[in-house]
Structures are given as structure tokens and as C-alpha cells.
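Okay, so here's the structure we're looking at.
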Amino acid sequence: MSSLAGAGFIETKQHRRFREFCDACRRYQYIGLCYGPPGVGKTLSARHYANWDKVERYRPDSPGGTVALEQIKGSTVVFYTPPVVVTSPGRLPNDIERLRDKLRGFCLEEIRREEQPRLESANREVDVLYEYHRRTGLNGFDVPPEEVARRQDEWRRIFERVSGRERAQPDPTALILIDEADRLKMTGLEQMRAIFDQGGIGMVLIGMPGLEKQLARYPQLYSRIGFVHEFKPLSREEVRQLLQERWWPALAPMPEGGIADEESVAAIIRITGGNFRLLHRLLTQIGRVLEINTLEKVTVPVVEAARESLVIGTA
Ligand SMILES: Nc1ncnc2c1ncn2[C@@H]1O[C@H](COP(=O)(O)OP(=O)(O)OP(=O)(O)O)[C@@H](O)[C@H]1O
Ligand SMILES: [Mg+2]
């Protein structure tokens, strides 16, 4: 059986549903509303959809960095978390503008990489023209004037083509995901609406249950909401399957044989209610309990002991 020990992101059924929802908001250029209780995986899903871990880590000025242009080029989704306190009125639009610029930057980088060999070779051709002057200190060239003009024209032609392509590169943003949308106050919501109204993009507001009621107070924004999506906890079968496939928190000690005991599996399903964050914490604690007591097998008393060290209900 394959093992998911230390695996990163899991493509759960809820994630697939979220992805379809985002695809629809992007395609029909709607504002979508996604709500779900804390800890079910909204943020992780959204970041995964936007490939945001890679986008954030990419550094154009260090080609030897951990993320290559190939891994992020073609990105069209922005992921944004508004700050808890917005101190300056321009903060949100500026932040989002900056992130959209970043995506456009990837396209520019691609153009530059494509054109660089041609530009460099034209550069070299022009540069050698001045070799004569450098060597002799005399003005003039050691090739006929037509050749000087040809090379200079060629350089200018290529340079102008590159600049032209750069200028013509549109903002590739097709969808903006706003996490923690509950934080947005009236001004923030109004600013999001203004960004959406510029056209050409979809937007997804992500938050806790109740977000839809909160937004209903702002009819202008509310009337633009095309889709609503509820992000649900994992199903019992999914938790069972994750445990069978030995999904385990990356940093926690994992029992040798996974969790074989049916009753323990049932207890874990009951305690976590399919909440991913709670599952993560409970398994971490189970690992600790086993380690501290030098036990090997997960049993119901182990699960119970692990549960006691959790603050259930504040997932
Ligand atoms: N698809 C997944 N694959 C692996 N782990 C996940 C996944 N989804 C969630 N998790 C785990 O659950 C934790 C909580 O997920 P996340 O922060 O995305 O929840 P949330 O719904 O955004 O919660 P909140 O409403 O509190 O912001 C993550 O830190 C991670 O450990
Ligand atoms: Mg979140």
C-alpha cells in the first residue's frame, strides 16, 4: 500500500469541489463566496489552487533558487490575505496590484529569456565595432560604414521588438482569491468590488460560515455574487482512507504499523469530526503519547490520552 507519511497537500474530495468552484468563478467571471468552519482546509486548498507556495518563493534575480520559472510561469491566480488591521486606505488595492504585477513579471521574465540570446548576439556584434577604437585610440571603424549601420539597425530592431513585446504583455490575472474575507470592512469590500468591476477577472471570497450574511448588508457587492460554495469537513470514509494510507503530520513521530485497530480509527473519526486541523493535531499527539510511553500500537486508551491534551472545539 502506498504511504502518505509526511506527504504534503492531499487532494481531498473537498479540494476537488473547491477547484471546480474556482474554475467556474474564473470562467464566468463571477464573484464566488466560499465558507466553511475553521480548520477544514480552506486556506491550504486555496493556496494549492493558486500554486502559491511556489509563486511566493520564486526569486527572478536568483536563477539557482528553489523554484524555477517553469514551475510558476502561466500563473493566473492571485492569493491574498488582507491584514487584520488596515491602517492606510490604499493598502488593499496596492497589495493586490503588487501581486498581479508579480504574475505579469513572470510573463516578462519569459519574454526576456526567450529574447536574451538574440539581444546578446546583436550586442556583441555592435560591441566589436568599437574594438578598432579601443585598440588604436583612433576614431572610426575597421569595417565599411554600411556594415556599421547594418549592425546598429539590427540591434535597434531587436531591442525595440523586445520592449514592444514587454509593453504589450497584459496582466494575466484571471482570478483573485481573498482568504479571511471576514476581515474586510465596508471600505475593503467596496475596494474589492471596484477591482472586480474593472472587468476580466473572477474573484473568490473565502471565510467562515456567516460570511454570506455579513455580505448581504452590502447589496452592491452581494448582487455580484454568482456562486456560493460550502467547504465541508472530511467524510468518515475519507478519514478512514487517509489513516489506511498512513497519512501522518510531517514532523510527528509515526507508529510503525500505522493505525490498524478498528476501534481506534472509529475513535479518531468521532473525535475529529473530519476536521483536518484537528486530525493533524490528534495524530501528532498520538505520536507523542506513543513515544513518551514507549508504546508501539495505537489503541483506544492512547487515542483518549492524546485527545485529553487537545483543546477540542477550538480546531
Ligand atoms: N488538503 C490537505 N492536505 C493536507 N493537510 C491539510 C489539508 N487541508 C488541511 N490540512 C491540514 O489542516 C490544517 C488546517 O487547514 P487550513 O488552515 O487550510 O484550514 P482553514 O479552513 O483555512 O481554517 P481557518 O478557518 O481557521 O482559516 C492545515 O494546517 C493542515 O495541517
Ligand atoms: Mg484559513
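Chain labels A, B, ... are given in the sequence in which chains occur in the C-alpha cells; within each chain residues are numbered consecutively from 1, and ligands are likewise numbered from 1 in the order shown.
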
Nearby polymer residues, ligand 2, at most 8 Å, only C-alpha atoms and all ligand atoms, as an NGL selection string
:A and (38-39 or 41-44 or 179-180 or 207)

Within 8 Å of ligand 1, counting only C-alpha atoms and all ligand atoms, residues as number ranges by chain:
A: 7-12, 15, 36-46, 179-180, 207-208, 231, 249, 275-281, 315

Generate the output file for the selected residues, N, CA and C atoms, as a tab-separated table (two decimals), in the first residue's frame.
```tsv
chain	number	residue	atom	x	y	z
A	7	ALA	N	3.44	13.27	3.74
A	7	ALA	CA	3.00	13.84	2.47
A	7	ALA	C	2.55	15.27	2.70
A	8	GLY	N	2.68	16.10	1.70
A	8	GLY	CA	2.25	17.49	1.86
A	8	GLY	C	0.76	17.59	1.69
A	9	PHE	N	0.37	18.24	0.65
A	9	PHE	CA	-1.05	18.50	0.42
A	9	PHE	C	-1.76	17.25	-0.11
A	10	ILE	N	-2.95	16.98	0.43
A	10	ILE	CA	-3.75	15.86	-0.05
A	10	ILE	C	-4.91	16.38	-0.90
A	11	GLU	N	-5.07	15.82	-2.07
A	11	GLU	CA	-6.17	16.25	-2.95
A	11	GLU	C	-7.47	15.60	-2.50
A	12	THR	N	-8.07	16.16	-1.50
A	12	THR	CA	-9.30	15.58	-0.94
A	12	THR	C	-10.49	15.87	-1.86
A	15	HIS	N	-11.27	19.42	-1.74
A	15	HIS	CA	-10.39	20.24	-2.57
A	15	HIS	C	-10.83	20.20	-4.03
A	36	GLY	N	-16.71	28.02	5.28
A	36	GLY	CA	-16.57	26.74	5.97
A	36	GLY	C	-15.97	26.97	7.34
A	37	PRO	N	-16.19	26.04	8.28
A	37	PRO	CA	-15.70	26.21	9.64
A	37	PRO	C	-14.17	26.22	9.70
A	38	PRO	N	-13.61	26.71	10.82
A	38	PRO	CA	-12.15	26.77	10.95
A	38	PRO	C	-11.53	25.38	10.85
A	39	GLY	N	-10.41	25.29	10.17
A	39	GLY	CA	-9.62	24.06	10.19
A	39	GLY	C	-10.00	23.01	9.18
A	40	VAL	N	-10.95	23.29	8.28
A	40	VAL	CA	-11.34	22.25	7.32
A	40	VAL	C	-10.42	22.21	6.10
A	41	GLY	N	-9.62	23.25	5.93
A	41	GLY	CA	-8.65	23.21	4.83
A	41	GLY	C	-8.87	24.25	3.75
A	42	LYS	N	-9.60	25.33	4.06
A	42	LYS	CA	-9.89	26.35	3.05
A	42	LYS	C	-8.61	27.03	2.57
A	43	THR	N	-7.80	27.47	3.53
A	43	THR	CA	-6.59	28.22	3.17
A	43	THR	C	-5.63	27.34	2.36
A	44	LEU	N	-5.42	26.14	2.84
A	44	LEU	CA	-4.50	25.25	2.14
A	44	LEU	C	-4.97	24.95	0.73
A	45	SER	N	-6.27	24.71	0.59
A	45	SER	CA	-6.83	24.43	-0.73
A	45	SER	C	-6.63	25.60	-1.68
A	46	ALA	N	-6.90	26.80	-1.15
A	46	ALA	CA	-6.80	27.99	-2.00
A	46	ALA	C	-5.34	28.23	-2.41
A	179	ASP	N	-8.59	35.30	0.98
A	179	ASP	CA	-8.78	34.48	2.18
A	179	ASP	C	-9.17	35.40	3.34
A	180	GLU	N	-9.73	34.84	4.40
A	180	GLU	CA	-10.10	35.63	5.59
A	180	GLU	C	-10.90	36.87	5.20
A	207	GLY	N	-14.21	32.60	3.69
A	207	GLY	CA	-14.34	32.97	5.10
A	207	GLY	C	-15.12	31.94	5.89
A	208	MET	N	-15.54	32.36	7.05
A	208	MET	CA	-16.25	31.45	7.96
A	208	MET	C	-17.74	31.45	7.64
A	231	PHE	N	-17.50	24.76	2.13
A	231	PHE	CA	-16.34	23.87	2.30
A	231	PHE	C	-16.61	23.00	3.52
A	249	PRO	N	1.16	13.68	10.08
A	249	PRO	CA	1.78	15.01	10.10
A	249	PRO	C	3.29	14.90	9.92
A	275	ASN	N	-12.47	17.13	10.83
A	275	ASN	CA	-11.78	18.43	10.76
A	275	ASN	C	-10.28	18.18	10.58
A	276	PHE	N	-9.75	18.70	9.48
A	276	PHE	CA	-8.37	18.38	9.11
A	276	PHE	C	-7.36	18.88	10.15
A	277	ARG	N	-7.58	20.08	10.65
A	277	ARG	CA	-6.63	20.63	11.63
A	277	ARG	C	-6.62	19.79	12.90
A	278	LEU	N	-7.83	19.37	13.30
A	278	LEU	CA	-7.96	18.56	14.50
A	278	LEU	C	-7.31	17.19	14.28
A	279	LEU	N	-7.50	16.65	13.10
A	279	LEU	CA	-6.90	15.36	12.76
A	279	LEU	C	-5.37	15.46	12.83
A	280	HIS	N	-4.87	16.54	12.28
A	280	HIS	CA	-3.43	16.79	12.29
A	280	HIS	C	-2.91	16.82	13.72
A	281	ARG	N	-3.63	17.56	14.56
A	281	ARG	CA	-3.19	17.71	15.96
A	281	ARG	C	-3.32	16.41	16.73
A	315	ALA	N	-10.68	24.18	16.94
A	315	ALA	CA	-9.89	23.48	15.92
A	315	ALA	C	-8.78	24.34	15.35
```

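Taking CA of Arg26 (chain A) and CA of Gly274 (chain A) as endpoints, the distance between them is 28.7 Å.
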
Excluding Met254 (chain A) and any residue of its chain fewer than 5 positions from it, enumerate the residues within 10 Å of it, using only C-alpha atoms, and give them as a PyMOL selection string.
chain A and resi 5-6+246-249+259+283-284+286-288+290-291+296

Residue neighbourhood Gln241 (chain A), 12 Å, only C-alpha atoms, exclusion window fewer than 2 positions, as a count of residues only:
25

Using only C-alpha atoms, find each residue of region 211-283 of chain A with at least one atom at most 10 Å away from an atom of region 188-191 of chain A; report its shortest atom-to-atom pair and that distance in Å (one decimal), sort the rows by chain and rising residue number, and return the result as JSON lines.
```
{"residue": "A:Leu215", "atom": "CA", "partner": "A:Leu189", "partner_atom": "CA", "distance": 8.6}
{"residue": "A:Tyr218", "atom": "CA", "partner": "A:Leu189", "partner_atom": "CA", "distance": 8.3}
{"residue": "A:Gln220", "atom": "CA", "partner": "A:Glu190", "partner_atom": "CA", "distance": 8.5}
{"residue": "A:Leu221", "atom": "CA", "partner": "A:Leu189", "partner_atom": "CA", "distance": 7.3}
{"residue": "A:Tyr222", "atom": "CA", "partner": "A:Leu189", "partner_atom": "CA", "distance": 10.0}
```

Every residue of region 63-290 of chain A that DSSP places in strand (DSSP E or B), as a ChimeraX atom specification
/A:77-80,175-178,202-207,225-230,248

Pro89 (chain A) environment, 12 Å, only C-alpha atoms, sequence neighbours closer than 4 positions dropped, as a list in words:
Val85, Pro93, Asn94, Asp95, Lys185, Met186, Thr187, Gly188, Glu190 and Gln191 of chain A

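Every protein, DNA or RNA residue with an atom at most 10 Å from region 111-123 of chain A, where only C-alpha atoms count and chain neighbours fewer than 5 positions away do not, is listed here: Gly105, Phe106, Val128, Arg151, Gln152, Asp153, Glu154, Trp155, Arg156, Arg157, Ile158, Phe159, Arg161, Val162, Ser163, Arg165, Glu166 and Gln169 of chain A.
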
Can you tell me, as an mmCIF file with N, CA and C atoms, in the first residue's frame, what residues are no more than 9 Å from Val303 (chain A) when counting only C-alpha atoms, ignoring any on the same chain fewer than 6 positions away?
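Final output, saved to out11.cif:
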```cif
data_model
loop_
_atom_site.group_PDB
_atom_site.id
_atom_site.type_symbol
_atom_site.label_atom_id
_atom_site.label_comp_id
_atom_site.auth_asym_id
_atom_site.auth_seq_id
_atom_site.Cartn_x
_atom_site.Cartn_y
_atom_site.Cartn_z
ATOM 1 N N SER A 264 -9.777 2.206 17.315
ATOM 2 C CA SER A 264 -9.016 3.460 17.380
ATOM 3 C C SER A 264 -9.370 4.349 16.195
ATOM 4 N N ALA A 267 -12.601 5.917 16.862
ATOM 5 C CA ALA A 267 -12.474 6.986 17.867
ATOM 6 C C ALA A 267 -11.903 8.253 17.231
ATOM 7 N N ILE A 268 -10.930 8.086 16.370
ATOM 8 C CA ILE A 268 -10.316 9.256 15.715
ATOM 9 C C ILE A 268 -11.345 9.973 14.837
ATOM 10 N N LEU A 282 -4.425 15.713 16.517
ATOM 11 C CA LEU A 282 -4.661 14.471 17.259
ATOM 12 C C LEU A 282 -3.583 13.443 16.906
ATOM 13 N N LEU A 283 -3.279 13.323 15.622
ATOM 14 C CA LEU A 283 -2.258 12.347 15.212
ATOM 15 C C LEU A 283 -0.888 12.738 15.783
ATOM 16 N N GLN A 285 -0.378 14.293 18.566
ATOM 17 C CA GLN A 285 -0.407 13.925 19.991
ATOM 18 C C GLN A 285 -0.302 12.414 20.179
ATOM 19 N N ILE A 286 -0.963 11.658 19.301
ATOM 20 C CA ILE A 286 -0.886 10.198 19.389
ATOM 21 C C ILE A 286 0.575 9.766 19.262
ATOM 22 N N VAL A 289 2.270 10.522 22.561
ATOM 23 C CA VAL A 289 1.867 9.604 23.636
ATOM 24 C C VAL A 289 2.606 8.268 23.477
#
```

Please return, as number ranges by chain, all residues of region 131-295 of chain A that DSSP assigns to helix (DSSP H, G or I) on the basis of the backbone.
A: 131-136, 145-168, 181-183, 186-197, 211-216, 219-222, 236-244, 262-272, 276-292

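You will find CA of Lys213 (chain A) at 21.7 Å from CA of Tyr80 (chain A).
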
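CA of Leu205 (chain A) is found 15.5 Å from CA of Val84 (chain A).
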